[in-house]
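Below is one structure, written out as structure tokens; the observations come after it.
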Amino acid sequence: METITASPELEDEKVSPQEEEAEARRLAEVYGMEFVDVPNFRIENDLFRRIPIDLMLRYTFIPQEQLADRMAVVMADPTDVRRLDELELLLSQPIEVKVGTRSAIEEILGKSETAQRVVDEATEGFRVELVRGEGDDDETLTIGSIQKDQSPIIKLVDSTLFNAIQRRASDIHFETGEAKVLIKYRIDGALYQAMDAIDKKHHQTIISRIKVMSELDISEKRVPQDGRFKLRLSGRTIDFRVSILPTVQGEDCVIRVLDKESMNKEFKNLSLDVLGIDEDTKTKLRKSIREPYGMVLVTGPTGSGKTTTLYACLNEIQSPEDKIITIEDPVEYQLAGIAQIPVNEKKGLTFARGLRSILRHDPDKIMVGEIRDEETAQIAIQSALTGHLVFTTVHANNVIDVLGRFLNMHVDLYNFVSALNCILAQRLVRKICEHCKRPVQADVKLLEYSGLEPESYQDLTFYEGTGCIECNGAGYHGRLAVSELLHLSDPIRELILSRRPAAEIRRAAKEEGMSFLRESALEKVFQGVTTLREINKVTFVD
């Protein structure tokens, strides 16, 4: 057989993906091997984690499947017999070589466990029953600085922060138990354990390190403390909000990750189109936010994306002709061209006091981060009645419960109903990862639990994610909103003013074409965007 080697120009010159794939297919054909379309094939997460990342990087391969007597691997160059023999020795088993493009293999390896490996190395000395070093202060955050730092505690904390950013975590939780400390990341609203448990002996040193970074009192262990710090990463500044809470086992800590510069790029193009809201609801909401005055209310639990929805509304209606002022607690993301005021209750700047001052600045549109008390509610309603368009949020389960919430604040019902343009209730559901998405047959018990007739839906194709590198094995990647919108038509206003039962108002809204939260969530399932298990976690089963 003639000797075939990878073309030198593939290494020395940049080639197009099509040329690279054609060369890889040629090699596979000549050597009688299978060609693998690397970007579209599913990696076995457990198998991938078993093999040292250094080994995969050195030999430029990824494992595909563990067979009974050998391991199938995908390589860019199957011609180097000596390297193949070395790899078999290192893996302690024969290998079955398949061919893939080098760039695709390197991309997967680059996205994989590099950051996790740094975390694993940093925690190596802190696992249960092992004792190592103490902490110090630092302000830089790169892979190089983490690896060079001599203090194991600093290395642990910094690598935890670095890995959290790489994995898109919104929060980092340090949870204290009787004998160990667990570190978890909240990604797309769900908690995942970040690393092996750490010995309780190191708990106080870790918390002290975080307190030093946040300029908190390291000697105070009996009362809650809140702080913040900033770090530089990849040329951008990232803010971290810290909350320390004393528990019976010791101090717990939660760090909120606020990557403002990264988010601001997304928020520049933020609109209702990217939130996942269904077309009918979106059309009605757009009509309400373009009214000359009135109140647009968004409701839902903490972390349901209310503020993001309001930002999207403001972005859509922003104009040089209008003055928009917001008051928020806190201002998490800054919007260009909009005056944003942070609440500071310690200094006496509450929502109510700030809202009064805003009205003296002749705004056209106002956003109030949250209505918490009667005074703020009264001023917001009065503002909506006197020619301002007011955007605000309130905590309630659904659009009907909002009415009861405001009545408990002792607002005038007629003024409140007159001011309202619409009420939007929303939740966030995780989206199935597109990289490991696959069709599945619906489970009969799950259909019954979800309030669906098995006979009607058993033949319907559902989808789920099996877990891959892109989604960190979760099967989900990113989130979208499911919502219900109550438009205040004249018949609905009359029912509310007559204090009719909530069920009657819901029936009337349904007759006018309103789609409820559960229906919106089920529609996302039928479209193959999310799963029944996911929507059952955030909406009530009818």
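Residues in the structure tokens are numbered from 1 in each chain, the chains being A, B, ... in the order shown, and ligands are numbered from 1 in the order shown.
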
* Considering only C-alpha atoms, return as a VMD selection string whatever protein or nucleic-acid residues lie within 10 Å of stretch 77-82 of chain A, sequence-local ones (same chain, fewer than 2 positions apart) excluded. => chain A and resid 3 to 6 24 27 to 28 31 33 59 to 61 74 to 75 84 to 87 97 to 102

Please save N, CA and C atoms of the selected residues as an mmCIF file, in the first residue's frame.
data_model
loop_
_atom_site.group_PDB
_atom_site.id
_atom_site.type_symbol
_atom_site.label_atom_id
_atom_site.label_comp_id
_atom_site.auth_asym_id
_atom_site.auth_seq_id
_atom_site.Cartn_x
_atom_site.Cartn_y
_atom_site.Cartn_z
ATOM 1 N N THR A 3 2.126 4.970 0.862
ATOM 2 C CA THR A 3 2.059 5.743 2.106
ATOM 3 C C THR A 3 1.382 7.068 1.830
ATOM 4 N N ILE A 4 0.319 7.326 2.581
ATOM 5 C CA ILE A 4 -0.415 8.577 2.431
ATOM 6 C C ILE A 4 -0.241 9.380 3.708
ATOM 7 N N THR A 5 0.104 10.621 3.600
ATOM 8 C CA THR A 5 0.239 11.491 4.770
ATOM 9 C C THR A 5 -0.632 12.709 4.580
ATOM 10 N N ALA A 6 -0.911 13.337 5.703
ATOM 11 C CA ALA A 6 -1.717 14.561 5.635
ATOM 12 C C ALA A 6 -0.975 15.604 4.817
ATOM 13 N N ALA A 24 -9.677 15.067 5.030
ATOM 14 C CA ALA A 24 -9.925 14.057 6.060
ATOM 15 C C ALA A 24 -10.692 12.871 5.482
ATOM 16 N N LEU A 27 -8.242 10.681 3.493
ATOM 17 C CA LEU A 27 -7.436 9.824 4.362
ATOM 18 C C LEU A 27 -8.249 8.630 4.858
ATOM 19 N N ALA A 28 -9.482 8.896 5.263
ATOM 20 C CA ALA A 28 -10.336 7.827 5.778
ATOM 21 C C ALA A 28 -10.590 6.768 4.710
ATOM 22 N N TYR A 31 -7.336 4.605 3.948
ATOM 23 C CA TYR A 31 -6.982 3.668 5.021
ATOM 24 C C TYR A 31 -8.155 2.784 5.457
ATOM 25 N N MET A 33 -10.986 3.584 6.871
ATOM 26 C CA MET A 33 -11.506 3.975 8.182
ATOM 27 C C MET A 33 -12.802 4.776 8.019
ATOM 28 N N TYR A 59 -2.147 14.142 21.883
ATOM 29 C CA TYR A 59 -2.306 13.257 20.728
ATOM 30 C C TYR A 59 -3.440 13.707 19.790
ATOM 31 N N THR A 60 -4.079 14.833 20.120
ATOM 32 C CA THR A 60 -5.160 15.415 19.306
ATOM 33 C C THR A 60 -6.201 14.366 18.924
ATOM 34 N N PHE A 61 -6.872 13.849 19.924
ATOM 35 C CA PHE A 61 -7.937 12.881 19.678
ATOM 36 C C PHE A 61 -9.057 13.101 20.687
ATOM 37 N N VAL A 74 -11.436 9.307 17.707
ATOM 38 C CA VAL A 74 -11.424 10.103 16.477
ATOM 39 C C VAL A 74 -10.144 10.930 16.474
ATOM 40 N N MET A 75 -9.350 10.790 15.393
ATOM 41 C CA MET A 75 -8.081 11.498 15.275
ATOM 42 C C MET A 75 -8.028 12.246 13.946
ATOM 43 N N LEU A 84 0.236 6.020 17.464
ATOM 44 C CA LEU A 84 -0.907 5.151 17.752
ATOM 45 C C LEU A 84 -0.523 4.066 18.751
ATOM 46 N N ASP A 85 0.679 3.486 18.577
ATOM 47 C CA ASP A 85 1.152 2.471 19.523
ATOM 48 C C ASP A 85 1.315 3.060 20.921
ATOM 49 N N GLU A 86 1.877 4.284 20.988
ATOM 50 C CA GLU A 86 2.036 4.948 22.290
ATOM 51 C C GLU A 86 0.687 5.164 22.957
ATOM 52 N N LEU A 87 -0.290 5.599 22.170
ATOM 53 C CA LEU A 87 -1.617 5.878 22.723
ATOM 54 C C LEU A 87 -2.266 4.604 23.247
ATOM 55 N N VAL A 97 -9.329 3.429 15.287
ATOM 56 C CA VAL A 97 -9.156 4.818 14.857
ATOM 57 C C VAL A 97 -10.201 5.198 13.808
ATOM 58 N N LYS A 98 -10.808 6.358 14.020
ATOM 59 C CA LYS A 98 -11.691 6.968 13.032
ATOM 60 C C LYS A 98 -11.132 8.353 12.716
ATOM 61 N N VAL A 99 -11.522 8.930 11.602
ATOM 62 C CA VAL A 99 -10.906 10.173 11.139
ATOM 63 C C VAL A 99 -11.887 11.337 11.252
ATOM 64 N N GLY A 100 -11.373 12.468 11.752
ATOM 65 C CA GLY A 100 -12.144 13.704 11.817
ATOM 66 C C GLY A 100 -11.240 14.868 11.472
ATOM 67 N N THR A 101 -11.815 16.044 11.288
ATOM 68 C CA THR A 101 -10.993 17.209 10.945
ATOM 69 C C THR A 101 -10.287 17.741 12.196
ATOM 70 N N ARG A 102 -9.052 18.193 12.021
ATOM 71 C CA ARG A 102 -8.250 18.666 13.154
ATOM 72 C C ARG A 102 -8.897 19.870 13.838
#

* From a DSSP calculation on the backbone, collect every residue of stretch 283-492 of chain A in strand (DSSP E) and output the set as a VMD selection string. => chain A and resid 294 to 299 324 to 328 339 to 342 365 to 368 389 to 394 420 to 432 437 to 441 461 to 465 476 to 487

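Using only C-alpha atoms for every distance, the candidate list A:Phe516, A:Tyr293, A:Phe351, A:Tyr311 yields A:Tyr311 as the residue closest to A:Leu275.
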
* **Proximity to A:Ile535 - best of A:Arg58, A:Lys155, A:Lys431, A:Lys201, only C-alpha atoms** => A:Lys431

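Non-sequential neighbours of A:Glu44 (distance at most 10 Å, separation of 2 or more positions within a chain, only C-alpha atoms) are Phe41, Arg42, Asp46, Leu47, Phe48, Arg49, Pro63, Gln64, Glu65, Gln66, Thr466, Gly467, Cys468, Ile469 and Gly473 of chain A.
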
* To do: Please identify all polymer residues within 9 Å of stretch 421-425 of chain A, counting only C-alpha atoms, omitting same-chain residues fewer than 4 positions from it, and present them as number ranges by chain.
  => A: 281, 284-285, 288-289, 291, 293-300, 306, 396-400, 402, 417, 482-489, 517

* **All residues 9 Å or closer to stretch 501-505 of chain A, only C-alpha atoms, same chain fewer than 5 positions away omitted, as a list in words** =>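 Final neighbour list, sorted by chain and number: Ile400, Asp401, Ile492, Leu495, Ile496 and Lys510 of chain A.
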
* To do: Check stretch 435-517 of chain A with DSSP on the backbone and list each residue it calls alpha helix (DSSP H), as a list in words.
  =>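 Selection result, alpha helix (DSSP H) within stretch 435-517 of chain A: Val444, Lys445, Leu446, Leu447, Glu448, Tyr449, Pro454, Glu455, Ser456, Tyr457, Asp490, Pro491, Ile492, Arg493, Glu494, Leu495, Ile496, Leu497, Ala502, Ala503, Glu504, Ile505, Arg506, Arg507, Ala508, Ala509, Lys510, Glu511 and Leu517 of chain A.
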
* To do: Would you list the contacts of A:Val257 as a VMD selection string, taking every protein, DNA or RNA residue within 8 Å and counting only C-alpha atoms, but skipping same-chain residues closer than 3 positions in sequence?
  => chain A and resid 165 169 to 172 238 to 241

* To do: For A:Lys180, work out the shell of residues within 6 Å, counting only C-alpha atoms and skipping chain neighbours fewer than 5 positions away, then give it as a list of chain:residue names.
  =>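 Within the cut-off, the hits are A:Ile198, A:Asp199, A:Lys200.
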
Hey, can you spit out that residue selection with C-alpha atoms as a PDB file, in the first residue's frame?
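Done, and the output landed in selection.pdb:
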ATOM      1  CA  ILE A 198     -13.862  20.148  50.554  1.00  0.00           C
ATOM      2  CA  ASP A 199     -12.836  19.310  54.120  1.00  0.00           C
ATOM      3  CA  LYS A 200     -14.630  21.423  56.737  1.00  0.00           C
TER       4      LYS A 200
END

* Counting only C-alpha atoms, the residue of A:Gly305, A:Gly475, A:Gly528, A:Pro152 that sits nearest A:Thr393 ->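 For A:Thr393, the nearest of the candidates is A:Gly305.
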